[in-house]
file model_29.csv (CSV, C-alpha atoms)
chain,number,residue,atom,x,y,z
A,1168,MET,CA,-44.6,5.7,-43.4
A,1169,LEU,CA,-41.2,4.1,-43.6
A,1170,LYS,CA,-39.1,3.9,-46.7
A,1171,ILE,CA,-35.5,2.6,-47.0
A,1172,ASP,CA,-33.7,3.3,-50.3
A,1173,ASN,CA,-30.4,1.8,-51.4
A,1174,LEU,CA,-29.2,1.5,-47.8
A,1175,HIS,CA,-25.6,0.7,-47.0
A,1176,ALA,CA,-24.4,0.2,-43.5
A,1177,GLY,CA,-21.9,-1.8,-41.4
A,1178,TYR,CA,-19.5,-1.6,-38.5
A,1179,GLY,CA,-16.1,0.0,-38.7
A,1180,GLY,CA,-14.7,-0.9,-42.1
A,1181,THR,CA,-16.9,-4.0,-42.5
A,1182,ALA,CA,-19.9,-3.5,-44.8
A,1183,VAL,CA,-23.0,-5.5,-43.8
A,1184,LEU,CA,-25.8,-4.0,-45.9
A,1185,HIS,CA,-25.2,-3.6,-49.6
A,1186,GLY,CA,-27.9,-1.4,-51.0
A,1187,ILE,CA,-31.2,-2.7,-49.6
A,1188,SER,CA,-34.6,-1.0,-50.2
A,1189,LEU,CA,-37.9,-1.7,-48.6
A,1190,HIS,CA,-41.2,0.0,-47.8
A,1191,VAL,CA,-43.6,-0.2,-44.9
A,1192,ALA,CA,-47.0,1.5,-45.7
A,1193,LYS,CA,-49.3,2.9,-43.0
A,1194,GLY,CA,-51.1,0.1,-41.1
A,1195,GLN,CA,-48.9,-2.6,-42.6
A,1196,VAL,CA,-46.9,-5.3,-40.8
A,1197,VAL,CA,-43.8,-6.1,-42.8
A,1198,SER,CA,-41.4,-8.9,-42.0
A,1199,LEU,CA,-37.7,-9.0,-42.7
A,1200,ILE,CA,-36.5,-12.6,-42.6
A,1201,GLY,CA,-33.1,-14.3,-43.3
A,1202,SER,CA,-30.4,-16.4,-41.8
A,1203,ASN,CA,-28.2,-15.4,-38.9
A,1204,GLY,CA,-25.7,-12.7,-40.0
A,1205,ALA,CA,-27.8,-11.7,-43.0
A,1206,GLY,CA,-28.0,-8.1,-41.7
A,1207,LYS,CA,-31.5,-8.0,-40.2
A,1208,SER,CA,-30.6,-6.4,-36.9
A,1209,THR,CA,-28.1,-4.1,-38.7
A,1210,THR,CA,-31.0,-2.8,-40.8
A,1211,MET,CA,-33.1,-2.1,-37.6
A,1212,ARG,CA,-30.1,-0.3,-36.0
A,1213,ALA,CA,-29.5,1.8,-39.0
A,1214,VAL,CA,-33.2,2.8,-39.3
A,1215,SER,CA,-33.4,3.8,-35.6
A,1216,GLY,CA,-30.1,5.7,-35.5
A,1217,MET,CA,-28.1,3.2,-33.5
A,1218,ILE,CA,-25.5,3.1,-36.3
A,1219,ARG,CA,-24.9,5.6,-39.1
A,1220,PRO,CA,-25.6,4.5,-42.7
A,1221,THR,CA,-22.7,4.9,-45.1
A,1222,ALA,CA,-25.0,5.5,-48.1
A,1223,GLY,CA,-28.7,5.5,-49.1
A,1224,ALA,CA,-31.7,7.1,-47.5
A,1225,ILE,CA,-34.2,6.5,-44.7
A,1226,LEU,CA,-37.6,8.3,-44.9
A,1227,LEU,CA,-40.0,8.4,-42.0
A,1228,ASN,CA,-43.4,10.0,-42.9
A,1229,ASP,CA,-41.7,11.4,-46.1
A,1230,ALA,CA,-39.0,13.2,-44.0
A,1231,ASP,CA,-35.3,12.2,-44.4
A,1232,VAL,CA,-34.0,10.9,-41.1
A,1233,THR,CA,-30.8,9.3,-42.5
A,1234,GLY,CA,-27.9,9.7,-40.1
A,1235,MET,CA,-30.0,11.4,-37.3
A,1236,GLU,CA,-29.4,10.5,-33.7
A,1237,SER,CA,-31.7,7.9,-32.2
A,1238,TYR,CA,-33.5,10.5,-30.0
A,1239,GLU,CA,-34.2,12.7,-33.0
A,1240,ILE,CA,-35.7,9.8,-34.9
A,1241,ALA,CA,-37.8,8.8,-31.9
A,1242,ARG,CA,-39.2,12.3,-31.7
A,1243,ARG,CA,-40.3,12.0,-35.3
A,1244,GLY,CA,-42.3,8.9,-34.5
A,1245,LEU,CA,-40.3,5.8,-34.6
A,1246,ALA,CA,-40.0,3.3,-31.7
A,1247,HIS,CA,-37.5,0.4,-31.6
A,1248,SER,CA,-37.8,-2.6,-29.4
A,1249,PRO,CA,-34.3,-3.9,-29.8
A,1250,GLU,CA,-32.8,-7.4,-29.9
A,1251,GLY,CA,-31.8,-8.3,-26.3
A,1252,ARG,CA,-34.6,-6.4,-24.6
A,1253,ARG,CA,-32.4,-3.7,-23.0
A,1254,VAL,CA,-34.7,-2.8,-20.1
A,1255,PHE,CA,-33.6,-0.6,-17.3
A,1256,PRO,CA,-33.0,-3.3,-14.6
A,1257,THR,CA,-32.9,-1.0,-11.5
A,1258,LEU,CA,-36.1,0.7,-12.4
A,1259,SER,CA,-39.6,-0.6,-11.8
A,1260,VAL,CA,-41.8,-1.9,-14.6
A,1261,THR,CA,-44.0,1.2,-14.4
A,1262,ASP,CA,-40.9,3.5,-14.6
A,1263,ASN,CA,-39.6,1.6,-17.6
A,1264,LEU,CA,-43.0,2.1,-19.3
A,1265,LEU,CA,-43.1,5.8,-18.5
A,1266,LEU,CA,-39.6,6.2,-20.0
A,1267,GLY,CA,-41.1,4.9,-23.2
A,1268,ALA,CA,-43.3,7.9,-23.2
A,1269,PHE,CA,-40.5,10.4,-22.5
A,1270,PRO,CA,-40.8,12.1,-25.9
A,1271,ARG,CA,-44.4,12.8,-25.1
A,1272,PHE,CA,-43.5,14.3,-21.7
A,1273,THR,CA,-41.1,16.7,-23.4
A,1274,GLY,CA,-43.6,17.8,-26.0
A,1275,SER,CA,-41.6,16.4,-28.9
A,1276,ARG,CA,-44.4,13.9,-29.5
A,1277,PRO,CA,-48.2,14.4,-29.1
A,1278,LYS,CA,-48.8,13.9,-25.4
A,1279,GLY,CA,-52.3,12.5,-25.2
A,1280,ASP,CA,-53.5,10.7,-22.1
A,1281,ILE,CA,-50.3,9.0,-20.9
A,1282,ASN,CA,-52.0,7.5,-17.8
A,1283,ALA,CA,-54.7,5.9,-20.0
A,1284,ASP,CA,-52.0,4.6,-22.3
A,1285,LEU,CA,-50.1,3.1,-19.4
A,1286,GLU,CA,-53.2,1.2,-18.4
A,1287,ARG,CA,-53.6,0.1,-22.1
A,1288,ALA,CA,-50.1,-1.2,-22.2
A,1289,ILE,CA,-50.6,-3.1,-19.0
A,1290,ASP,CA,-53.8,-4.6,-20.4
A,1291,LEU,CA,-52.1,-5.4,-23.6
A,1292,PHE,CA,-49.2,-7.2,-21.8
A,1293,PRO,CA,-51.1,-8.8,-18.8
A,1294,ARG,CA,-48.0,-10.6,-17.5
A,1295,LEU,CA,-46.8,-7.1,-16.4
A,1296,LYS,CA,-50.0,-6.3,-14.5
A,1297,GLU,CA,-49.0,-7.9,-11.2
A,1298,ARG,CA,-45.4,-6.8,-11.6
A,1299,ARG,CA,-45.9,-3.0,-11.9
A,1300,THR,CA,-43.8,-2.2,-8.9
A,1301,GLN,CA,-41.2,-4.9,-9.4
A,1302,LEU,CA,-37.7,-4.1,-10.6
A,1303,ALA,CA,-37.3,-4.9,-14.3
A,1304,GLY,CA,-34.0,-6.7,-13.6
A,1305,THR,CA,-35.9,-9.3,-11.5
A,1306,LEU,CA,-38.3,-10.3,-14.3
A,1307,SER,CA,-38.0,-13.4,-16.3
A,1308,GLY,CA,-36.6,-13.2,-19.8
A,1309,GLY,CA,-40.1,-13.5,-21.3
A,1310,GLU,CA,-41.4,-10.8,-19.0
A,1311,GLN,CA,-38.5,-8.5,-19.9
A,1312,GLN,CA,-39.4,-9.0,-23.6
A,1313,MET,CA,-43.0,-8.1,-22.9
A,1314,LEU,CA,-41.7,-5.0,-21.0
A,1315,ALA,CA,-39.5,-3.9,-23.9
A,1316,MET,CA,-42.4,-4.2,-26.4
A,1317,ALA,CA,-44.8,-2.4,-24.0
A,1318,ARG,CA,-42.2,0.4,-23.6
A,1319,ALA,CA,-42.2,0.9,-27.4
A,1320,VAL,CA,-46.0,1.0,-27.4
A,1321,MET,CA,-45.9,3.8,-24.8
A,1322,GLN,CA,-44.2,6.1,-27.2
A,1323,ASN,CA,-47.4,6.0,-29.3
A,1324,PRO,CA,-45.2,5.9,-32.4
A,1325,ASP,CA,-46.1,6.1,-36.1
A,1326,VAL,CA,-43.9,3.1,-36.8
A,1327,MET,CA,-42.7,0.3,-34.5
A,1328,LEU,CA,-39.6,-1.9,-35.0
A,1329,PHE,CA,-39.6,-5.2,-33.3
A,1330,ASP,CA,-36.2,-7.0,-33.5
A,1331,GLU,CA,-36.3,-10.7,-32.6
A,1332,PRO,CA,-39.1,-10.4,-30.1
A,1333,SER,CA,-39.3,-14.2,-29.5
A,1334,MET,CA,-35.6,-14.8,-29.1
A,1335,GLY,CA,-34.8,-17.2,-26.2
A,1336,LEU,CA,-38.5,-17.6,-25.2
A,1337,ALA,CA,-40.4,-20.7,-24.3
A,1338,PRO,CA,-42.9,-21.8,-26.9
A,1339,ILE,CA,-45.9,-20.6,-24.9
A,1340,LEU,CA,-44.4,-17.2,-24.6
A,1341,VAL,CA,-43.6,-17.1,-28.3
A,1342,GLU,CA,-47.3,-17.6,-28.9
A,1343,GLU,CA,-48.1,-14.8,-26.5
A,1344,VAL,CA,-45.7,-12.4,-28.4
A,1345,PHE,CA,-47.4,-13.1,-31.7
A,1346,ARG,CA,-50.8,-12.8,-30.1
A,1347,ILE,CA,-49.8,-9.3,-29.1
A,1348,ILE,CA,-48.4,-8.4,-32.5
A,1349,GLU,CA,-51.6,-9.6,-34.1
A,1350,ARG,CA,-53.6,-7.4,-31.7
A,1351,LEU,CA,-51.5,-4.4,-32.5
A,1352,LYS,CA,-52.0,-5.1,-36.2
A,1353,GLN,CA,-55.8,-5.1,-35.7
A,1354,GLU,CA,-55.4,-1.7,-34.0
A,1355,GLY,CA,-53.7,-0.4,-37.1
A,1356,VAL,CA,-50.2,-0.1,-35.7
A,1357,THR,CA,-47.5,0.0,-38.4
A,1358,MET,CA,-44.7,-2.5,-37.8
A,1359,LEU,CA,-41.4,-3.7,-39.2
A,1360,LEU,CA,-40.6,-7.1,-37.7
A,1361,VAL,CA,-37.4,-9.1,-37.6
A,1362,GLU,CA,-38.0,-12.6,-36.4
A,1363,GLN,CA,-36.2,-15.9,-36.2
A,1364,PHE,CA,-39.5,-17.8,-36.6
A,1365,ALA,CA,-40.1,-16.9,-40.2
A,1366,ALA,CA,-43.3,-18.8,-40.6
A,1367,ALA,CA,-44.9,-17.1,-37.6
A,1368,ALA,CA,-43.7,-13.7,-38.8
A,1369,LEU,CA,-45.2,-14.2,-42.2
A,1370,ASN,CA,-48.4,-15.4,-40.7
A,1371,VAL,CA,-49.0,-12.0,-39.1
A,1372,SER,CA,-47.5,-9.9,-41.9
A,1373,ASP,CA,-48.9,-8.3,-45.0
A,1374,TYR,CA,-45.6,-8.2,-46.9
A,1375,GLY,CA,-42.1,-9.7,-46.5
A,1376,TYR,CA,-38.5,-9.3,-47.6
A,1377,VAL,CA,-35.9,-12.0,-47.6
A,1378,LEU,CA,-32.4,-10.7,-46.7
A,1379,GLU,CA,-29.3,-12.7,-47.8
A,1380,SER,CA,-25.8,-11.5,-47.2
A,1381,GLY,CA,-26.9,-7.9,-46.9
A,1382,ARG,CA,-29.0,-7.9,-50.0
A,1383,ILE,CA,-32.7,-8.3,-50.6
A,1384,ASN,CA,-33.0,-11.6,-52.4
A,1385,ILE,CA,-36.8,-11.8,-52.8
A,1386,HIS,CA,-39.8,-9.9,-51.6
A,1387,GLY,CA,-43.6,-10.0,-52.0
A,1388,PRO,CA,-46.9,-10.4,-50.2
A,1389,ALA,CA,-46.5,-12.6,-47.1
A,1390,GLU,CA,-48.8,-15.3,-48.5
A,1391,GLN,CA,-46.8,-15.5,-51.7
A,1392,LEU,CA,-43.6,-15.9,-49.7
A,1393,ARG,CA,-45.2,-18.6,-47.5
A,1394,ASN,CA,-45.9,-20.6,-50.7
A,1395,ASP,CA,-42.6,-20.0,-52.4
A,1396,PRO,CA,-40.8,-23.3,-52.6
A,1397,ALA,CA,-37.3,-21.7,-52.2
A,1398,VAL,CA,-38.4,-19.7,-49.1
A,1399,ARG,CA,-40.2,-22.7,-47.6
A,1400,ALA,CA,-37.1,-24.8,-48.0
A,1401,ALA,CA,-34.6,-22.3,-46.7
A,1402,TYR,CA,-36.6,-20.6,-43.9
A,1403,LEU,CA,-39.9,-22.3,-43.2
A,1404,GLY,CA,-38.7,-25.9,-42.7
A,1405,GLY,CA,-40.3,-27.0,-45.9
A,1406,SER,CA,-43.5,-27.9,-44.1
A,1407,HIS,CA,-45.3,-24.7,-43.0
call {"tool": "encode", "arguments": {"input": "model_29.csv", "output": "structure tokens"}}
result
Amino acid sequence: MLKIDNLHAGYGGTAVLHGISLHVAKGQVVSLIGSNGAGKSTTMRAVSGMIRPTAGAILLNDADVTGMESYEIARRGLAHSPEGRRVFPTLSVTDNLLLGAFPRFTGSRPKGDINADLERAIDLFPRLKERRTQLAGTLSGGEQQMLAMARAVMQNPDVMLFDEPSMGLAPILVEEVFRIIERLKQEGVTMLLVEQFAAAALNVSDYGYVLESGRINIHGPAEQLRNDPAVRAAYLGGSH
């Protein structure tokens, strides 16, 4: 579904990624973990077209999308729930969700039953149910995170990118975020997950990659990484 091969990317003249490669198979949840500044969000931005790679290739459903604009990559089946939420604050919850389905309205993605999917998204993220007509900018941080994730779901994508979905949330909301990710996994949704809570991320993942200073340091099945002494000591607090 998603394959990254020898990807280099950065900002201006500063290189951040130094030839990383990873693969997300259909129906898999794959986690990318690492310390702050390792290049995790840069990876997500390069994949979704927010920044242009300087070398390497990104394949989505075996099609080369390297260097394409974000809207073109979205049309091909990739949805990105970015770090920092980035909801449309002056639009209602419902309108934010419908914007997530924009490629389907334009015919660039299979349309399906958008109204039914809207109800599914509301059901999947019940905190939004009573706030359907509320302006997104008036929601709490946790509710905005739910909205950003639900908006990505509305695209009905082939692959979903979740970048730090639990950032800044209270523990009870962190649990809610991972409950939703687990439910999406059970529904067969393909996901690449960047997450500060590495133990929780690996618990819902099939496979994981550890990124250090813009390079993949280690990778393997999620259970293997959870039991790796070096990974446990560096990212899991040594006790998970």
call {"tool": "atom_distance", "arguments": {"input": "model_29.csv", "atom1": "CA of Asp1280 (chain A)", "atom2": "CA of Leu1226 (chain A)"}}
result
27.9 Å
call {"tool": "atom_distance", "arguments": {"input": "model_29.csv", "atom1": "CA of Ala1365 (chain A)", "atom2": "CA of Arg1382 (chain A)"}}
result
17.3 Å
call {"tool": "residues_around", "arguments": {"input": "model_29.csv", "residues": "Leu1174 (chain A)", "least_positions_apart": "4", "cutoff": "9 Å", "atoms": "only C-alpha atoms", "output": "ChimeraX atom specification"}}
result
/A:1184-1188,1210,1213,1220-1225
call {"tool": "residues_near_point", "arguments": {"input": "model_29.csv", "point": "(-43.9, 0.6, -44.7)", "cutoff": "12 Å", "atoms": "only C-alpha atoms", "output": "ChimeraX atom specification"}}
result
/A:1168-1172,1188-1199,1225-1229,1245,1325-1328,1356-1360,1372-1376
call {"tool": "atom_distance", "arguments": {"input": "model_29.csv", "atom1": "CA of Ala1401 (chain A)", "atom2": "CA of Val1341 (chain A)"}}
result
21.1 Å
call {"tool": "closest_residue", "arguments": {"input": "model_29.csv", "among": "A:Leu1302, A:Met1313, A:Met1211, A:Met1321", "to": "Asn1282 (chain A)", "atoms": "only C-alpha atoms"}}
result
A:Met1321
call {"tool": "closest_residue", "arguments": {"input": "model_29.csv", "among": "A:Pro1270, A:Leu1403, A:Glu1250, A:Gly1381", "to": "Met1334 (chain A)", "atoms": "all atoms listed in the file"}}
result
A:Glu1250
call {"tool": "residues_around", "arguments": {"input": "model_29.csv", "residues": "Gly1304 (chain A)", "least_positions_apart": "3", "cutoff": "8 Å", "atoms": "only C-alpha atoms", "output": "PDB file with C-alpha atoms, in the coordinates of the input"}}
result
ATOM      1  CA  VAL A1254     -34.700  -2.800 -20.100  1.00  0.00           C
ATOM      2  CA  PHE A1255     -33.600  -0.600 -17.300  1.00  0.00           C
ATOM      3  CA  PRO A1256     -33.000  -3.300 -14.600  1.00  0.00           C
ATOM      4  CA  THR A1257     -32.900  -1.000 -11.500  1.00  0.00           C
ATOM      5  CA  LEU A1258     -36.100   0.700 -12.400  1.00  0.00           C
ATOM      6  CA  GLN A1311     -38.500  -8.500 -19.900  1.00  0.00           C
TER       7      GLN A1311
END
call {"tool": "residues_around", "arguments": {"input": "model_29.csv", "residues": "Glu1362 (chain A)", "least_positions_apart": "5", "cutoff": "10 Å", "atoms": "all atoms listed in the file", "output": "CSV table (one decimal) with C-alpha atoms, keeping the file's coordinate frame"}}
result
chain,number,residue,atom,x,y,z
A,1198,SER,CA,-41.4,-8.9,-42.0
A,1199,LEU,CA,-37.7,-9.0,-42.7
A,1200,ILE,CA,-36.5,-12.6,-42.6
A,1201,GLY,CA,-33.1,-14.3,-43.3
A,1207,LYS,CA,-31.5,-8.0,-40.2
A,1208,SER,CA,-30.6,-6.4,-36.9
A,1250,GLU,CA,-32.8,-7.4,-29.9
A,1329,PHE,CA,-39.6,-5.2,-33.3
A,1330,ASP,CA,-36.2,-7.0,-33.5
A,1331,GLU,CA,-36.3,-10.7,-32.6
A,1332,PRO,CA,-39.1,-10.4,-30.1
A,1333,SER,CA,-39.3,-14.2,-29.5
A,1334,MET,CA,-35.6,-14.8,-29.1
A,1367,ALA,CA,-44.9,-17.1,-37.6
A,1368,ALA,CA,-43.7,-13.7,-38.8
A,1369,LEU,CA,-45.2,-14.2,-42.2
call {"tool": "residues_near_point", "arguments": {"input": "model_29.csv", "point": "(-35.5, 13.5, -36.9)", "cutoff": "12 Å", "atoms": "all atoms listed in the file", "output": "CSV table (one decimal) with C-alpha atoms, in the coordinates of the input"}}
result
chain,number,residue,atom,x,y,z
A,1214,VAL,CA,-33.2,2.8,-39.3
A,1215,SER,CA,-33.4,3.8,-35.6
A,1216,GLY,CA,-30.1,5.7,-35.5
A,1225,ILE,CA,-34.2,6.5,-44.7
A,1226,LEU,CA,-37.6,8.3,-44.9
A,1227,LEU,CA,-40.0,8.4,-42.0
A,1228,ASN,CA,-43.4,10.0,-42.9
A,1229,ASP,CA,-41.7,11.4,-46.1
A,1230,ALA,CA,-39.0,13.2,-44.0
A,1231,ASP,CA,-35.3,12.2,-44.4
A,1232,VAL,CA,-34.0,10.9,-41.1
A,1233,THR,CA,-30.8,9.3,-42.5
A,1234,GLY,CA,-27.9,9.7,-40.1
A,1235,MET,CA,-30.0,11.4,-37.3
A,1236,GLU,CA,-29.4,10.5,-33.7
A,1237,SER,CA,-31.7,7.9,-32.2
A,1238,TYR,CA,-33.5,10.5,-30.0
A,1239,GLU,CA,-34.2,12.7,-33.0
A,1240,ILE,CA,-35.7,9.8,-34.9
A,1241,ALA,CA,-37.8,8.8,-31.9
A,1242,ARG,CA,-39.2,12.3,-31.7
A,1243,ARG,CA,-40.3,12.0,-35.3
A,1244,GLY,CA,-42.3,8.9,-34.5
A,1245,LEU,CA,-40.3,5.8,-34.6
A,1275,SER,CA,-41.6,16.4,-28.9
A,1276,ARG,CA,-44.4,13.9,-29.5
call {"tool": "closest_residue", "arguments": {"input": "model_29.csv", "among": "A:Val1361, A:His1175, A:Glu1342, A:Asn1370", "to": "Gln1391 (chain A)", "atoms": "only C-alpha atoms"}}
result
A:Asn1370
call {"tool": "residues_around", "arguments": {"input": "model_29.csv", "residues": "Leu1285 (chain A)", "least_positions_apart": "6", "cutoff": "12 Å", "atoms": "only C-alpha atoms", "output": "list of chain:residue names"}}
result
A:Val1260, A:Thr1261, A:Asp1262, A:Asn1263, A:Leu1264, A:Leu1265, A:Leu1266, A:Gly1267, A:Ala1268, A:Gly1279, A:Leu1291, A:Phe1292, A:Pro1293, A:Leu1295, A:Lys1296, A:Arg1299, A:Leu1314, A:Ala1317, A:Arg1318, A:Ala1319, A:Val1320, A:Met1321, A:Gln1322, A:Asn1323
call {"tool": "residues_around", "arguments": {"input": "model_29.csv", "residues": "region 1392-1394 of chain A", "least_positions_apart": "4", "cutoff": "8 Å", "atoms": "only C-alpha atoms", "output": "count of residues only"}}
result
10
call {"tool": "decode", "arguments": {"input": "model_29.csv", "residues": "region 1272-1295 of chain A", "atoms": "N, CA and C atoms", "output": "mmCIF file, in the first residue's frame"}}
result
data_model
loop_
_atom_site.group_PDB
_atom_site.id
_atom_site.type_symbol
_atom_site.label_atom_id
_atom_site.label_comp_id
_atom_site.auth_asym_id
_atom_site.auth_seq_id
_atom_site.Cartn_x
_atom_site.Cartn_y
_atom_site.Cartn_z
ATOM 1 N N PHE A 1272 -16.519 14.221 -3.300
ATOM 2 C CA PHE A 1272 -17.494 15.084 -3.949
ATOM 3 C C PHE A 1272 -17.062 15.442 -5.371
ATOM 4 N N THR A 1273 -15.750 15.575 -5.573
ATOM 5 C CA THR A 1273 -15.242 15.991 -6.887
ATOM 6 C C THR A 1273 -15.098 14.827 -7.853
ATOM 7 N N GLY A 1274 -15.289 13.618 -7.370
ATOM 8 C CA GLY A 1274 -15.176 12.459 -8.235
ATOM 9 C C GLY A 1274 -13.775 11.914 -8.363
ATOM 10 N N SER A 1275 -12.806 12.501 -7.658
ATOM 11 C CA SER A 1275 -11.434 12.002 -7.736
ATOM 12 C C SER A 1275 -11.207 10.800 -6.817
ATOM 13 N N ARG A 1276 -12.147 10.549 -5.914
ATOM 14 C CA ARG A 1276 -12.154 9.349 -5.087
ATOM 15 C C ARG A 1276 -13.536 8.710 -5.200
ATOM 16 N N PRO A 1277 -13.659 7.382 -5.007
ATOM 17 C CA PRO A 1277 -14.977 6.752 -5.043
ATOM 18 C C PRO A 1277 -15.914 7.420 -4.050
ATOM 19 N N LYS A 1278 -17.090 7.810 -4.527
ATOM 20 C CA LYS A 1278 -17.965 8.631 -3.693
ATOM 21 C C LYS A 1278 -18.608 7.825 -2.569
ATOM 22 N N GLY A 1279 -19.289 6.726 -2.915
ATOM 23 C CA GLY A 1279 -19.979 5.964 -1.893
ATOM 24 C C GLY A 1279 -21.083 6.777 -1.239
ATOM 25 N N ASP A 1280 -21.490 6.347 -0.064
ATOM 26 C CA ASP A 1280 -22.568 7.022 0.671
ATOM 27 C C ASP A 1280 -21.946 7.955 1.700
ATOM 28 N N ILE A 1281 -21.770 9.210 1.318
ATOM 29 C CA ILE A 1281 -21.100 10.172 2.192
ATOM 30 C C ILE A 1281 -21.907 10.432 3.450
ATOM 31 N N ASN A 1282 -23.224 10.510 3.339
ATOM 32 C CA ASN A 1282 -24.052 10.758 4.515
ATOM 33 C C ASN A 1282 -23.939 9.619 5.519
ATOM 34 N N ALA A 1283 -23.904 8.390 5.013
ATOM 35 C CA ALA A 1283 -23.739 7.241 5.904
ATOM 36 C C ALA A 1283 -22.367 7.269 6.573
ATOM 37 N N ASP A 1284 -21.354 7.656 5.809
ATOM 38 C CA ASP A 1284 -20.004 7.736 6.376
ATOM 39 C C ASP A 1284 -19.895 8.861 7.401
ATOM 40 N N LEU A 1285 -20.663 9.940 7.185
ATOM 41 C CA LEU A 1285 -20.686 11.017 8.169
ATOM 42 C C LEU A 1285 -21.238 10.505 9.498
ATOM 43 N N GLU A 1286 -22.306 9.734 9.424
ATOM 44 C CA GLU A 1286 -22.875 9.169 10.648
ATOM 45 C C GLU A 1286 -21.906 8.179 11.287
ATOM 46 N N ARG A 1287 -21.178 7.419 10.461
ATOM 47 C CA ARG A 1287 -20.183 6.476 10.988
ATOM 48 C C ARG A 1287 -19.077 7.220 11.714
ATOM 49 N N ALA A 1288 -18.615 8.337 11.138
ATOM 50 C CA ALA A 1288 -17.550 9.111 11.773
ATOM 51 C C ALA A 1288 -18.013 9.672 13.112
ATOM 52 N N ILE A 1289 -19.228 10.169 13.138
ATOM 53 C CA ILE A 1289 -19.772 10.696 14.390
ATOM 54 C C ILE A 1289 -19.884 9.587 15.429
ATOM 55 N N ASP A 1290 -20.278 8.399 14.976
ATOM 56 C CA ASP A 1290 -20.394 7.257 15.887
ATOM 57 C C ASP A 1290 -19.025 6.814 16.381
ATOM 58 N N LEU A 1291 -18.039 6.862 15.490
ATOM 59 C CA LEU A 1291 -16.684 6.450 15.847
ATOM 60 C C LEU A 1291 -16.052 7.416 16.844
ATOM 61 N N PHE A 1292 -16.413 8.692 16.738
ATOM 62 C CA PHE A 1292 -15.879 9.731 17.622
ATOM 63 C C PHE A 1292 -17.050 10.368 18.372
ATOM 64 N N PRO A 1293 -17.596 9.669 19.370
ATOM 65 C CA PRO A 1293 -18.843 10.111 20.016
ATOM 66 C C PRO A 1293 -18.758 11.475 20.684
ATOM 67 N N ARG A 1294 -17.572 11.950 21.014
ATOM 68 C CA ARG A 1294 -17.454 13.279 21.614
ATOM 69 C C ARG A 1294 -17.906 14.376 20.651
ATOM 70 N N LEU A 1295 -17.949 14.055 19.377
ATOM 71 C CA LEU A 1295 -18.358 15.042 18.377
ATOM 72 C C LEU A 1295 -19.870 15.046 18.170
#
